[in-house]
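Enquirer: Below is run.txt; it holds compact mmCIF, C-alpha atoms.
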# COMPACT_ATOMS: atom_id res chain seq x y z
CA MET A 1 -8.31 36.53 -28.43
CA PRO A 2 -10.98 39.24 -28.08
CA ASP A 3 -11.26 40.61 -24.53
CA ARG A 4 -14.97 40.45 -23.97
CA CYS A 5 -14.70 39.09 -20.43
CA SER A 6 -13.36 41.50 -17.83
CA ARG A 7 -11.88 38.76 -15.65
CA ARG A 8 -8.72 38.02 -17.59
CA ASP A 9 -6.54 39.00 -14.61
CA ASP A 10 -8.46 36.54 -12.45
CA ALA A 11 -7.84 33.81 -15.02
CA ALA A 12 -4.08 34.34 -14.67
CA SER A 13 -4.25 34.35 -10.87
CA TRP A 14 -6.38 31.21 -10.98
CA ALA A 15 -3.84 29.41 -13.16
CA LEU A 16 -1.11 30.41 -10.70
CA GLY A 17 -3.18 29.37 -7.69
CA ALA A 18 -3.06 32.91 -6.34
CA LEU A 19 -6.76 33.53 -5.85
CA PRO A 20 -7.85 33.56 -2.20
CA GLU A 21 -10.09 30.63 -1.29
CA ALA A 22 -13.42 32.46 -1.50
CA GLU A 23 -12.54 34.12 -4.82
CA ALA A 24 -11.27 30.83 -6.20
CA ALA A 25 -14.62 29.17 -5.48
CA ALA A 26 -16.49 32.02 -7.18
CA PHE A 27 -14.14 32.00 -10.16
CA ALA A 28 -14.57 28.25 -10.55
CA GLN A 29 -18.27 28.87 -11.09
CA HIS A 30 -17.49 31.65 -13.56
CA LEU A 31 -15.11 29.38 -15.47
CA ALA A 32 -17.83 26.83 -16.01
CA GLY A 33 -19.74 29.34 -18.10
CA CYS A 34 -16.97 31.44 -19.68
CA GLN A 35 -15.22 29.93 -22.66
CA GLU A 36 -12.87 32.90 -22.96
CA CYS A 37 -11.56 32.47 -19.41
CA ARG A 38 -11.22 28.71 -19.89
CA ALA A 39 -9.10 29.38 -22.97
CA ARG A 40 -6.95 31.86 -21.03
CA VAL A 41 -6.39 29.40 -18.21
CA ALA A 42 -5.55 26.66 -20.71
CA ALA A 43 -3.03 28.94 -22.41
CA LEU A 44 -1.27 29.90 -19.18
CA GLN A 45 -1.38 26.54 -17.39
CA PRO A 46 1.68 25.15 -19.22
CA VAL A 47 3.66 28.18 -18.07
CA VAL A 48 2.67 27.51 -14.46
CA ASP A 49 3.49 23.82 -14.91
CA ALA A 50 6.99 24.80 -16.05
CA LEU A 51 7.66 27.07 -13.04
CA PRO A 52 8.99 24.30 -10.75
CA MET A 53 12.00 24.10 -13.02
CA ALA A 54 12.82 27.71 -12.19
CA ALA A 55 14.09 26.44 -8.85
CA ARG A 56 17.82 25.76 -8.75
CA GLN A 57 18.11 22.04 -9.45
CA GLU A 58 19.57 20.09 -6.57
CA ALA A 59 19.63 16.33 -6.11
CA PRO A 60 17.99 15.04 -2.92
CA PRO A 61 20.16 13.27 -0.37
CA PRO A 62 20.51 9.54 -1.19
CA GLU A 63 19.16 8.52 2.23
CA LEU A 64 15.79 10.02 1.31
CA LYS A 65 15.35 7.41 -1.39
CA GLY A 66 16.30 4.73 1.14
CA ARG A 67 13.63 5.87 3.56
CA ILE A 68 10.93 6.11 0.92
CA MET A 69 11.73 2.77 -0.69
CA ALA A 70 11.80 1.02 2.70
CA VAL A 71 8.22 2.14 3.29
CA VAL A 72 7.12 1.34 -0.27
CA ARG A 73 8.55 -2.17 -0.19
CA SER A 74 7.15 -2.93 3.23
CA GLU A 75 3.72 -1.72 2.14
CA ALA A 76 3.85 -3.77 -1.04
CA GLU A 77 4.75 -6.80 1.04
CA LEU A 78 2.11 -6.16 3.66
CA LEU A 79 -0.63 -5.56 1.11
CA GLN A 80 0.38 -8.69 -0.71
CA ALA A 81 0.34 -10.67 2.51
CA SER A 82 -3.05 -9.25 3.46
CA GLY A 83 -4.70 -11.48 0.89
CA PRO A 84 -7.85 -10.84 -1.10
CA GLN A 85 -8.62 -7.62 0.77
CA ALA A 86 -5.51 -6.05 -0.67
CA ASP A 87 -6.27 -4.27 -3.91
CA ARG A 88 -2.69 -4.10 -5.10
CA VAL A 89 0.31 -6.25 -6.02
CA ARG A 90 -1.77 -9.26 -7.00
CA GLU A 91 -0.50 -9.13 -10.58
CA ARG A 92 3.06 -9.06 -9.45
CA ALA A 93 2.49 -12.05 -7.23
CA ALA A 94 1.30 -13.99 -10.25
CA GLN A 95 4.31 -12.99 -12.31
CA GLU A 96 7.16 -14.02 -10.10
CA PRO A 97 7.95 -16.53 -7.40
CA ARG A 98 7.24 -15.17 -3.98
CA ARG A 99 10.25 -13.89 -2.17
CA GLY A 100 10.64 -12.44 1.27
CA TRP A 101 10.53 -8.78 2.19
CA TRP A 102 14.18 -8.75 3.19
CA HIS A 103 15.16 -10.41 -0.07
CA ARG A 104 13.12 -7.97 -2.14
CA THR A 105 14.45 -4.98 -0.28
CA PHE A 106 18.10 -5.85 -0.15
CA GLY A 107 18.50 -8.78 -2.54
CA ALA A 108 20.40 -6.68 -5.06
CA LEU A 109 22.96 -5.88 -2.43
CA ARG A 110 23.87 -9.46 -1.63
CA PRO A 111 27.25 -9.38 -3.38
CA VAL A 112 28.32 -6.60 -1.05
CA PRO A 113 30.32 -7.92 1.91
CA ALA A 114 28.28 -8.10 5.07
CA ALA A 115 30.26 -5.46 6.92
CA VAL A 116 29.96 -3.01 4.03
CA LEU A 117 26.26 -3.77 3.68
CA ALA A 118 25.65 -3.03 7.34
CA THR A 119 27.53 0.25 7.02
CA MET A 120 25.54 1.20 3.92
CA LEU A 121 22.26 0.41 5.56
CA LEU A 122 23.12 2.36 8.64
CA ALA A 123 24.25 5.24 6.45
CA ILE A 124 20.96 5.43 4.58
CA GLY A 125 18.93 5.10 7.75
CA VAL A 126 17.16 1.91 6.75
CA THR A 127 18.19 -0.31 9.56
CA ALA A 128 15.53 -2.96 9.33
CA GLY A 129 16.76 -6.15 10.84
CA ILE A 130 20.28 -5.05 11.64
CA LEU A 131 21.60 -6.90 14.62
CA VAL A 132 23.00 -4.36 16.99
CA SER A 133 24.05 -6.49 19.91
CA THR A 134 23.84 -9.94 21.37
CA GLY A 135 24.72 -11.32 24.71
CA GLY A 136 23.40 -13.05 27.75
CA GLY A 137 20.41 -10.72 27.70
CA GLY A 138 19.36 -11.63 24.15
CA SER A 139 19.62 -9.58 20.96
CA VAL A 140 18.67 -6.11 19.83
CA VAL A 141 17.78 -5.23 16.24
CA HIS A 142 16.86 -1.84 14.85
CA GLY A 143 14.10 -1.33 12.33
CA PHE A 144 12.52 1.44 10.29
CA GLY A 145 10.08 4.05 11.46
CA PRO A 146 8.95 7.60 10.81
CA ARG A 147 11.63 10.19 10.19
CA GLY A 148 13.42 10.99 13.43
CA ALA A 149 12.11 7.94 15.26
CA SER A 150 14.14 4.98 16.45
CA VAL A 151 12.73 1.48 16.53
CA ALA A 152 14.49 -1.28 18.44
CA LEU A 153 13.38 -4.84 19.08
CA HIS A 154 14.83 -6.64 22.09
CA VAL A 155 14.46 -10.41 21.90
CA ASP A 156 15.36 -12.74 24.72
CA ASP A 157 14.50 -16.42 24.52
CA GLY A 158 11.69 -15.75 22.02
CA ARG A 159 10.17 -12.98 24.09
CA GLY A 160 10.11 -9.64 22.29
CA ARG A 161 9.95 -6.09 23.50
CA LEU A 162 9.59 -3.18 21.08
CA GLU A 163 11.26 0.02 22.18
CA LEU A 164 10.32 3.17 20.27
CA GLU A 165 11.59 6.71 20.64
CA GLY A 166 10.57 9.86 18.82
CA MET A 167 7.34 8.29 17.53
CA PRO A 168 4.47 10.64 16.69
CA ALA A 169 1.24 9.78 18.49
CA PRO A 170 -1.36 8.05 16.30
CA THR A 171 -3.86 10.58 14.99
CA GLY A 172 -7.61 10.53 14.43
CA GLY A 173 -8.50 8.58 17.57
CA ARG A 174 -6.39 5.61 16.48
CA ILE A 175 -4.06 3.32 18.33
CA TYR A 176 -0.92 1.51 17.23
CA GLN A 177 -1.22 -2.22 16.66
CA VAL A 178 1.65 -4.71 16.37
CA TRP A 179 1.58 -7.40 13.67
CA LEU A 180 3.62 -10.52 13.24
CA VAL A 181 4.44 -11.73 9.71
CA ARG A 182 5.96 -15.18 9.59
CA GLY A 183 7.38 -16.45 6.30
CA ALA A 184 4.93 -15.98 3.45
CA GLY A 185 1.94 -15.96 5.79
CA PRO A 186 -0.49 -13.10 6.30
CA PRO A 187 0.06 -10.58 9.08
CA VAL A 188 -1.32 -11.82 12.37
CA SER A 189 -2.10 -9.58 15.30
CA ALA A 190 0.62 -9.86 17.92
CA ASP A 191 -1.96 -8.98 20.59
CA ALA A 192 -0.24 -5.74 21.40
CA LEU A 193 -1.93 -2.34 21.19
CA PHE A 194 -0.19 0.80 22.36
CA THR A 195 0.10 4.53 22.13
CA VAL A 196 3.11 6.67 22.85
CA ALA A 197 4.03 8.94 25.74
CA PRO A 198 4.09 12.72 25.16
CA ASP A 199 7.84 12.50 24.58
CA GLY A 200 7.30 9.94 21.80
CA GLN A 201 8.48 6.91 23.78
CA ALA A 202 6.81 3.53 24.01
CA ASP A 203 7.88 0.21 25.48
CA VAL A 204 5.75 -2.63 24.15
CA GLU A 205 5.85 -6.26 25.26
CA ILE A 206 4.95 -8.67 22.46
CA PRO A 207 2.98 -11.58 23.92
CA LYS A 208 3.57 -13.94 20.98
CA ARG A 209 6.79 -15.93 20.90
CA LEU A 210 9.16 -14.76 18.18
CA ARG A 211 11.39 -16.75 15.84
CA ALA A 212 14.29 -15.78 13.62
CA ASP A 213 13.21 -13.95 10.45
CA ASP A 214 9.79 -13.07 11.85
CA ARG A 215 8.81 -9.56 10.81
CA ILE A 216 7.19 -7.15 13.21
CA LEU A 217 5.12 -4.33 11.74
CA VAL A 218 3.24 -1.49 13.40
CA THR A 219 0.14 0.14 11.91
CA ALA A 220 -2.31 2.76 13.18
CA GLU A 221 -5.72 1.16 13.70
CA PRO A 222 -9.10 2.13 15.11
CA MET A 223 -9.43 1.89 18.89
CA GLY A 224 -9.67 -1.74 19.95
CA GLY A 225 -7.50 -2.90 17.07
CA SER A 226 -8.32 -4.61 13.78
CA ALA A 227 -8.46 -8.20 12.57
CA GLN A 228 -6.28 -7.23 9.61
CA PRO A 229 -4.10 -4.18 8.95
CA THR A 230 -6.16 -1.33 7.56
CA SER A 231 -3.36 1.17 7.09
CA PRO A 232 0.25 1.10 5.86
CA PRO A 233 2.94 0.19 8.40
CA VAL A 234 4.60 3.09 10.14
CA ALA A 235 7.37 1.02 11.68
CA GLY A 236 8.84 -2.42 11.31
CA VAL A 237 11.74 -4.67 12.19
CA THR A 238 12.91 -8.17 11.30
CA VAL A 239 13.93 -10.55 14.07
CA ALA A 240 17.61 -11.49 13.79
CA MET B 1 5.37 -5.44 -19.64
CA GLY B 2 6.16 -7.14 -16.34
CA ASP B 3 9.44 -8.69 -17.52
CA SER B 4 10.76 -5.50 -19.13
CA ASP B 5 13.45 -3.40 -17.56
CA PRO B 6 11.32 -0.66 -16.01
CA ARG B 7 14.01 1.90 -16.84
CA LEU B 8 13.12 1.48 -20.50
CA LEU B 9 9.46 2.29 -19.97
CA ALA B 10 7.75 5.63 -20.39
CA ASP B 11 6.41 7.30 -17.27
CA GLU B 12 2.82 6.56 -18.21
CA ASP B 13 3.58 2.84 -18.51
CA LEU B 14 5.41 2.88 -15.20
CA MET B 15 2.35 4.36 -13.56
CA GLN B 16 0.31 1.40 -14.78
CA LEU B 17 2.69 -0.86 -12.86
CA VAL B 18 2.75 1.39 -9.81
CA ARG B 19 -1.02 1.16 -9.77
CA HIS B 20 -0.62 -2.58 -9.23
CA GLY B 21 1.92 -2.19 -6.45
CA ASP B 22 5.16 -2.60 -8.41
CA ALA B 23 7.82 -1.12 -6.14
CA GLY B 24 10.49 -1.38 -8.87
CA ALA B 25 8.44 0.76 -11.26
CA PHE B 26 7.87 3.27 -8.48
CA GLU B 27 11.61 3.43 -7.86
CA VAL B 28 12.21 4.43 -11.48
CA VAL B 29 9.57 7.16 -11.26
CA TYR B 30 11.31 8.41 -8.11
CA GLU B 31 14.71 8.42 -9.78
CA ARG B 32 13.41 10.37 -12.76
CA HIS B 33 11.59 13.09 -10.88
CA SER B 34 13.07 13.32 -7.40
CA THR B 35 15.58 16.04 -8.29
CA ALA B 36 12.91 18.35 -9.69
CA ALA B 37 10.64 17.49 -6.75
CA TYR B 38 13.30 18.12 -4.12
CA SER B 39 14.45 21.32 -5.80
CA LEU B 40 10.91 22.67 -5.83
CA ALA B 41 10.29 21.66 -2.22
CA TYR B 42 13.57 23.21 -1.09
CA ARG B 43 12.90 26.40 -3.03
CA MET B 44 9.51 26.68 -1.34
CA THR B 45 10.37 25.70 2.22
CA GLY B 46 13.94 26.96 2.41
CA ARG B 47 14.94 24.08 4.66
CA ARG B 48 16.47 20.79 3.67
CA GLY B 49 14.67 18.83 6.40
CA ALA B 50 11.30 20.29 5.48
CA ALA B 51 11.99 19.68 1.78
CA GLU B 52 12.80 16.02 2.50
CA ASP B 53 9.56 15.67 4.46
CA VAL B 54 7.56 17.22 1.61
CA VAL B 55 9.16 14.98 -1.01
CA GLN B 56 8.66 11.89 1.16
CA GLU B 57 4.99 12.74 1.73
CA ALA B 58 4.46 13.52 -1.93
CA PHE B 59 6.04 10.34 -3.29
CA LEU B 60 4.33 8.12 -0.71
CA SER B 61 1.07 9.80 -1.65
CA LEU B 62 1.86 9.05 -5.30
CA TRP B 63 2.60 5.42 -4.40
CA ARG B 64 -0.66 5.07 -2.50
CA SER B 65 -2.82 6.94 -5.01
CA GLY B 66 -1.26 5.95 -8.32
CA ALA B 67 -4.69 5.04 -9.62
CA ARG B 68 -5.59 8.71 -9.60
CA TYR B 69 -3.07 9.56 -12.30
CA ASP B 70 -4.87 10.45 -15.53
CA ARG B 71 -2.56 10.69 -18.54
CA THR B 72 -5.07 12.82 -20.43
CA ARG B 73 -4.58 15.61 -17.90
CA GLY B 74 -0.83 15.99 -18.29
CA SER B 75 2.55 14.33 -17.86
CA VAL B 76 3.59 12.30 -14.84
CA ARG B 77 6.17 14.95 -14.07
CA THR B 78 3.54 17.70 -13.97
CA TRP B 79 1.39 15.49 -11.74
CA VAL B 80 4.28 14.72 -9.38
CA LEU B 81 5.34 18.35 -9.14
CA GLY B 82 1.74 19.39 -8.59
CA ILE B 83 1.57 17.07 -5.58
CA VAL B 84 4.88 18.42 -4.27
CA HIS B 85 3.66 22.00 -4.73
CA HIS B 86 0.47 21.38 -2.77
CA ARG B 87 2.31 19.49 -0.02
CA ALA B 88 4.87 22.27 0.27
CA ILE B 89 2.15 24.89 0.62
CA ASP B 90 0.52 22.74 3.30
CA ALA B 91 3.87 22.46 5.07
CA LEU B 92 4.40 26.21 4.90
CA ARG B 93 0.99 26.86 6.37
CA ARG B 94 1.54 24.27 9.10
CA SER B 95 4.94 25.42 10.17
CA MET B 96 4.48 29.15 9.58
CA VAL B 97 7.93 29.41 8.09
CA HIS B 98 6.90 32.04 5.56
CA ASP B 99 8.93 34.69 7.24
CA ARG B 100 11.94 32.48 7.78
CA ARG B 101 12.53 30.98 4.41
CA ARG B 102 14.61 32.78 1.86
CA ALA B 103 13.10 34.00 -1.37
CA SER B 104 16.40 33.58 -3.15
CA ASP B 105 18.27 30.55 -4.38
CA GLU B 106 21.62 32.20 -3.72
CA GLY B 107 24.08 30.01 -1.96
CA LEU B 108 22.67 26.74 -3.17
CA GLU B 109 25.11 24.48 -4.87
CA GLU B 110 24.14 22.17 -7.66
CA ARG B 111 25.02 18.71 -6.41
CA PHE B 112 24.35 16.26 -9.18
CA GLU B 113 25.57 12.77 -8.53
CA ALA B 114 27.51 11.14 -11.33
CA ALA B 115 24.64 8.73 -11.91
CA ASP B 116 22.34 11.66 -12.61
CA ARG B 117 24.41 12.91 -15.52
CA THR B 118 22.32 11.22 -18.14
CA ASP B 119 21.22 12.87 -21.33
CA LEU B 120 17.78 13.46 -19.88
CA GLN B 121 19.25 15.08 -16.79
CA ALA B 122 21.37 17.30 -19.00
CA VAL B 123 18.27 18.33 -20.93
CA ARG B 124 16.49 18.98 -17.65
CA ARG B 125 19.32 21.19 -16.44
CA GLN B 126 19.26 23.13 -19.67
CA GLU B 127 15.50 23.47 -19.41
CA ALA B 128 15.83 24.68 -15.82
CA ALA B 129 18.44 27.24 -16.82
CA GLU B 130 16.21 28.60 -19.60
CA ILE B 131 13.17 28.85 -17.34
CA GLN B 132 15.23 30.55 -14.62
CA SER B 133 16.57 32.95 -17.21
CA ALA B 134 13.12 33.74 -18.61
CA LEU B 135 11.77 34.39 -15.11
CA GLN B 136 14.67 36.64 -14.20
CA ALA B 137 14.27 38.53 -17.48
CA LEU B 138 10.79 39.68 -16.47
CA PRO B 139 10.40 43.17 -15.03
CA PRO B 140 11.29 42.77 -11.33
CA ASP B 141 7.78 43.62 -10.13
CA GLN B 142 6.25 40.88 -12.28
CA CYS B 143 8.91 38.33 -11.38
CA ARG B 144 8.45 39.03 -7.69
CA VAL B 145 4.69 38.57 -7.60
CA ILE B 146 4.91 35.32 -9.57
CA GLU B 147 7.59 33.98 -7.24
CA LEU B 148 5.67 35.01 -4.14
CA ALA B 149 2.50 33.39 -5.44
CA TYR B 150 3.96 30.17 -6.81
CA PHE B 151 6.94 29.47 -4.57
CA GLY B 152 5.58 31.28 -1.52
CA GLY B 153 2.02 30.04 -1.71
CA PHE B 154 0.67 33.55 -1.07
CA SER B 155 -2.64 34.75 -2.50
CA HIS B 156 -2.76 37.98 -4.46
CA THR B 157 -4.42 39.76 -1.52
CA GLU B 158 -1.62 38.63 0.81
CA ILE B 159 0.95 39.83 -1.70
CA ALA B 160 -0.87 43.15 -2.05
CA GLU B 161 -0.68 43.66 1.72
CA MET B 162 2.93 42.56 1.83
CA LEU B 163 3.98 44.98 -0.91
CA ASP B 164 1.52 47.71 0.08
CA THR B 165 0.16 47.73 -3.45
CA PRO B 166 -3.44 47.60 -4.73
CA VAL B 167 -4.76 44.10 -5.41
CA GLY B 168 -5.65 45.09 -8.98
CA THR B 169 -2.04 46.01 -9.65
CA ILE B 170 -0.81 42.68 -8.31
CA LYS B 171 -3.31 40.78 -10.46
CA GLY B 172 -2.24 42.72 -13.52
CA ARG B 173 1.44 42.00 -12.85
CA ILE B 174 0.71 38.30 -12.50
CA ARG B 175 -1.10 38.20 -15.83
CA LEU B 176 1.48 40.25 -17.71
CA GLY B 177 4.32 38.18 -16.25
CA LEU B 178 2.74 34.85 -17.15
CA GLU B 179 1.92 36.04 -20.66
CA LYS B 180 5.50 37.18 -21.21
CA LEU B 181 6.82 33.87 -19.90
CA ARG B 182 4.54 32.05 -22.29
CA GLY B 183 6.03 33.98 -25.18
CA GLU B 184 9.58 33.37 -23.97
CA LEU B 185 9.31 29.67 -23.17
CA GLY B 186 7.45 28.48 -26.24
CA ASP B 187 8.26 24.82 -26.93
CA LEU B 188 10.01 24.32 -23.59
CA MET B 189 6.71 23.96 -21.82
CA GLU B 190 6.08 20.38 -22.86
CA LEU B 191 9.29 18.44 -22.47
CA PRO B 192 8.55 14.74 -22.65
CA ALA B 193 9.35 12.63 -19.57
Once you've parsed the file, please lay out its structure as structure tokens.
Expert:
Amino acid sequence: MPDRCSRRDDAASWALGALPEAEAAAFAQHLAGCQECRARVAALQPVVDALPMAARQEAPPPELKGRIMAVVRSEAELLQASGPQADRVRERAAQEPRRGWWHRTFGALRPVPAAVLATMLLAIGVTAGILVSTGGGGSVVHGFGPRGASVALHVDDGRGRLELEGMPAPTGGRIYQVWLVRGAGPPVSADALFTVAPDGQADVEIPKRLRADDRILVTAEPMGGSAQPTSPPVAGVTVA
Amino acid sequence: MGDSDPRLLADEDLMQLVRHGDAGAFEVVYERHSTAAYSLAYRMTGRRGAAEDVVQEAFLSLWRSGARYDRTRGSVRTWVLGIVHHRAIDALRRSMVHDRRRASDEGLEERFEAADRTDLQAVRRQEAAEIQSALQALPPDQCRVIELAYFGGFSHTEIAEMLDTPVGTIKGRIRLGLEKLRGELGDLMELPA
């Protein structure tokens, strides 16, 4: 390749992402008109794309997959339940009989004895719907939430109270909103809006009466709340 | 395609399903690329917790923006690792851990689960070893600036200050290093998913 352009070093730094912001913007303009630099970048880009493999390969902890898949499955379910506004999962709904979130998430684990299943779920940190205690004062189940947060639902005679710890505050002028998903129905506002204290705690009474297998989801919504969820759930729990 | 075992599908076909909200297809994409993603994130942040956060953010971003994947612009793996790289740089800038993380991989143990010991994983490990070897075979000055730029997220002016070396010298080392790597790696640079 003849070296007519004097910016060949910049082309390499560009491919590597090492140009400072202002220089990168200027070089982007240069690239648009310099075929030689475009060819240089194209030649070096595969090298840069291969660099991640220079890191020592280490498998992620198994619980990371559990956390990610819990969010993915709950979002798929919520978007599906949101109806025509949801722009995803409609094809899947047409392909297979509708099944519940719990079934989809943990259906493959059904052959595992209940005690082992509970231990596995606790181990991977996906504790949606795990009954922690019962007694005269009702039941407590733990759900999923952001990393480092704990989500517990206390239910006594159909009255629910969501107890959250370590929750990040909603950002961008938003507020948390609680949703109730019953059976295959769409999410319905549980008439509960809240934010969290500076230490990440929140104690939220749920005005609607709860039944077994109801799912409670929390999303971040504009101030005043929304008629339908407009963002993915950040926390959730299934009533025991 | 919907009734097929997603594990038999190519990455590009899986992404079509992910685009339509197929959690099972997404799970396969995660299984195929999470080791490379986590390894990159850990190499960049130097902390397991931060690496987990980066990988979680990156894969959830992939799940929510699957429609943005364009197969004409590269493999799914390159796309995934590009997202991880950007997220890790963001995390570094947010947490200001530049001075705390280690620039070396020493002390890390390879912890492959038995289920990961597939043929593809074996090929990946071989590929990783060859790329590591090619990088380490560069003159130390060239290797260092490439590592600082790619894994550290530093610009060439930041590296120049750090090493008390003229910017022009740093830029030259980056170019020479990348060109040598290109010659060394050859066919390795486009391993199919």
Enquirer: Could you list, as a VMD selection string, the residues of chain A having an atom within 6 Å of chain B when counting only C-alpha atoms?
Expert: chain A and resid 9 12 18 to 20 46 to 47 50 52 to 55 57 to 60 76 88 to 89
Enquirer: How would the residues just picked look written out with C-alpha atoms as a PDB file, keeping the file's coordinate frame?
Expert:
ATOM      1  CA  ASP A   9      -6.540  39.000 -14.610  1.00  0.00           C
ATOM      2  CA  ALA A  12      -4.080  34.340 -14.670  1.00  0.00           C
ATOM      3  CA  ALA A  18      -3.060  32.910  -6.340  1.00  0.00           C
ATOM      4  CA  LEU A  19      -6.760  33.530  -5.850  1.00  0.00           C
ATOM      5  CA  PRO A  20      -7.850  33.560  -2.200  1.00  0.00           C
ATOM      6  CA  PRO A  46       1.680  25.150 -19.220  1.00  0.00           C
ATOM      7  CA  VAL A  47       3.660  28.180 -18.070  1.00  0.00           C
ATOM      8  CA  ALA A  50       6.990  24.800 -16.050  1.00  0.00           C
ATOM      9  CA  PRO A  52       8.990  24.300 -10.750  1.00  0.00           C
ATOM     10  CA  MET A  53      12.000  24.100 -13.020  1.00  0.00           C
ATOM     11  CA  ALA A  54      12.820  27.710 -12.190  1.00  0.00           C
ATOM     12  CA  ALA A  55      14.090  26.440  -8.850  1.00  0.00           C
ATOM     13  CA  GLN A  57      18.110  22.040  -9.450  1.00  0.00           C
ATOM     14  CA  GLU A  58      19.570  20.090  -6.570  1.00  0.00           C
ATOM     15  CA  ALA A  59      19.630  16.330  -6.110  1.00  0.00           C
ATOM     16  CA  PRO A  60      17.990  15.040  -2.920  1.00  0.00           C
ATOM     17  CA  ALA A  76       3.850  -3.770  -1.040  1.00  0.00           C
ATOM     18  CA  ARG A  88      -2.690  -4.100  -5.100  1.00  0.00           C
ATOM     19  CA  VAL A  89       0.310  -6.250  -6.020  1.00  0.00           C
TER      20      VAL A  89
END
Enquirer: Just how far from atom CA of A:Ala28 is atom CA of B:Leu163, in Å to one decimal?
Expert: 26.8 Å
Enquirer: Quick one: distance from atom CA of A:Asp213 to atom CA of A:Met167 in Å, one decimal?
Expert: 24.1 Å
Enquirer: Just give me the gap between atom CA of A:Ala15 and atom CA of B:Ser95 in Å, one decimal is fine.
Expert: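 Atom-to-atom, atom CA of A:Ala15 and atom CA of B:Ser95 are spaced 25.2 Å apart.
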Enquirer: Could you tell me which of B:Asp164, B:Val28, B:Asp13, B:Leu8 comes closest to A:Lys65 if we count only C-alpha atoms?
Expert: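 Selected residue with least distance to A:Lys65: B:Val28.
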Enquirer: Select, from A:Gln177, A:Arg73, A:Ala169, A:Leu193, the residue with the minimum atom-to-atom distance to B:Ala25, counting all atoms listed in the file.
Expert: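 Once distances to B:Ala25 are computed over all atoms listed in the file, the minimum belongs to A:Arg73.
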Enquirer: Go through B:Ala91, B:Val123, B:Ala50, B:Ile83 and flag the residue nearest B:Gly152, using only C-alpha atoms for the distances.
Expert: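 Closest to B:Gly152, using only C-alpha atoms: B:Ala91.
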Enquirer: Using all atoms listed in the file, which of A:Gln35, A:Gln201, A:Thr238, A:Ser6 sits nearest A:Asp214?
Expert: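 When distances to A:Asp214 are compared using all atoms listed in the file, the smallest one comes from A:Thr238.
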Enquirer: Which of these, B:Ile89, B:Ala10, B:Ala58, B:Ala137, has the shortest distance to B:Val76 once you count only C-alpha atoms?
Expert: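 With only C-alpha atoms as the atom set, the closest residue is B:Ala10.
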Enquirer: Compare A:Arg215, A:Arg147, A:Arg67, A:His142 by their minimum atom-to-atom distance to A:Gly183, counting only C-alpha atoms, and give me the closest one.
Expert: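 The answer is A:Arg215, which sits nearest to A:Gly183.
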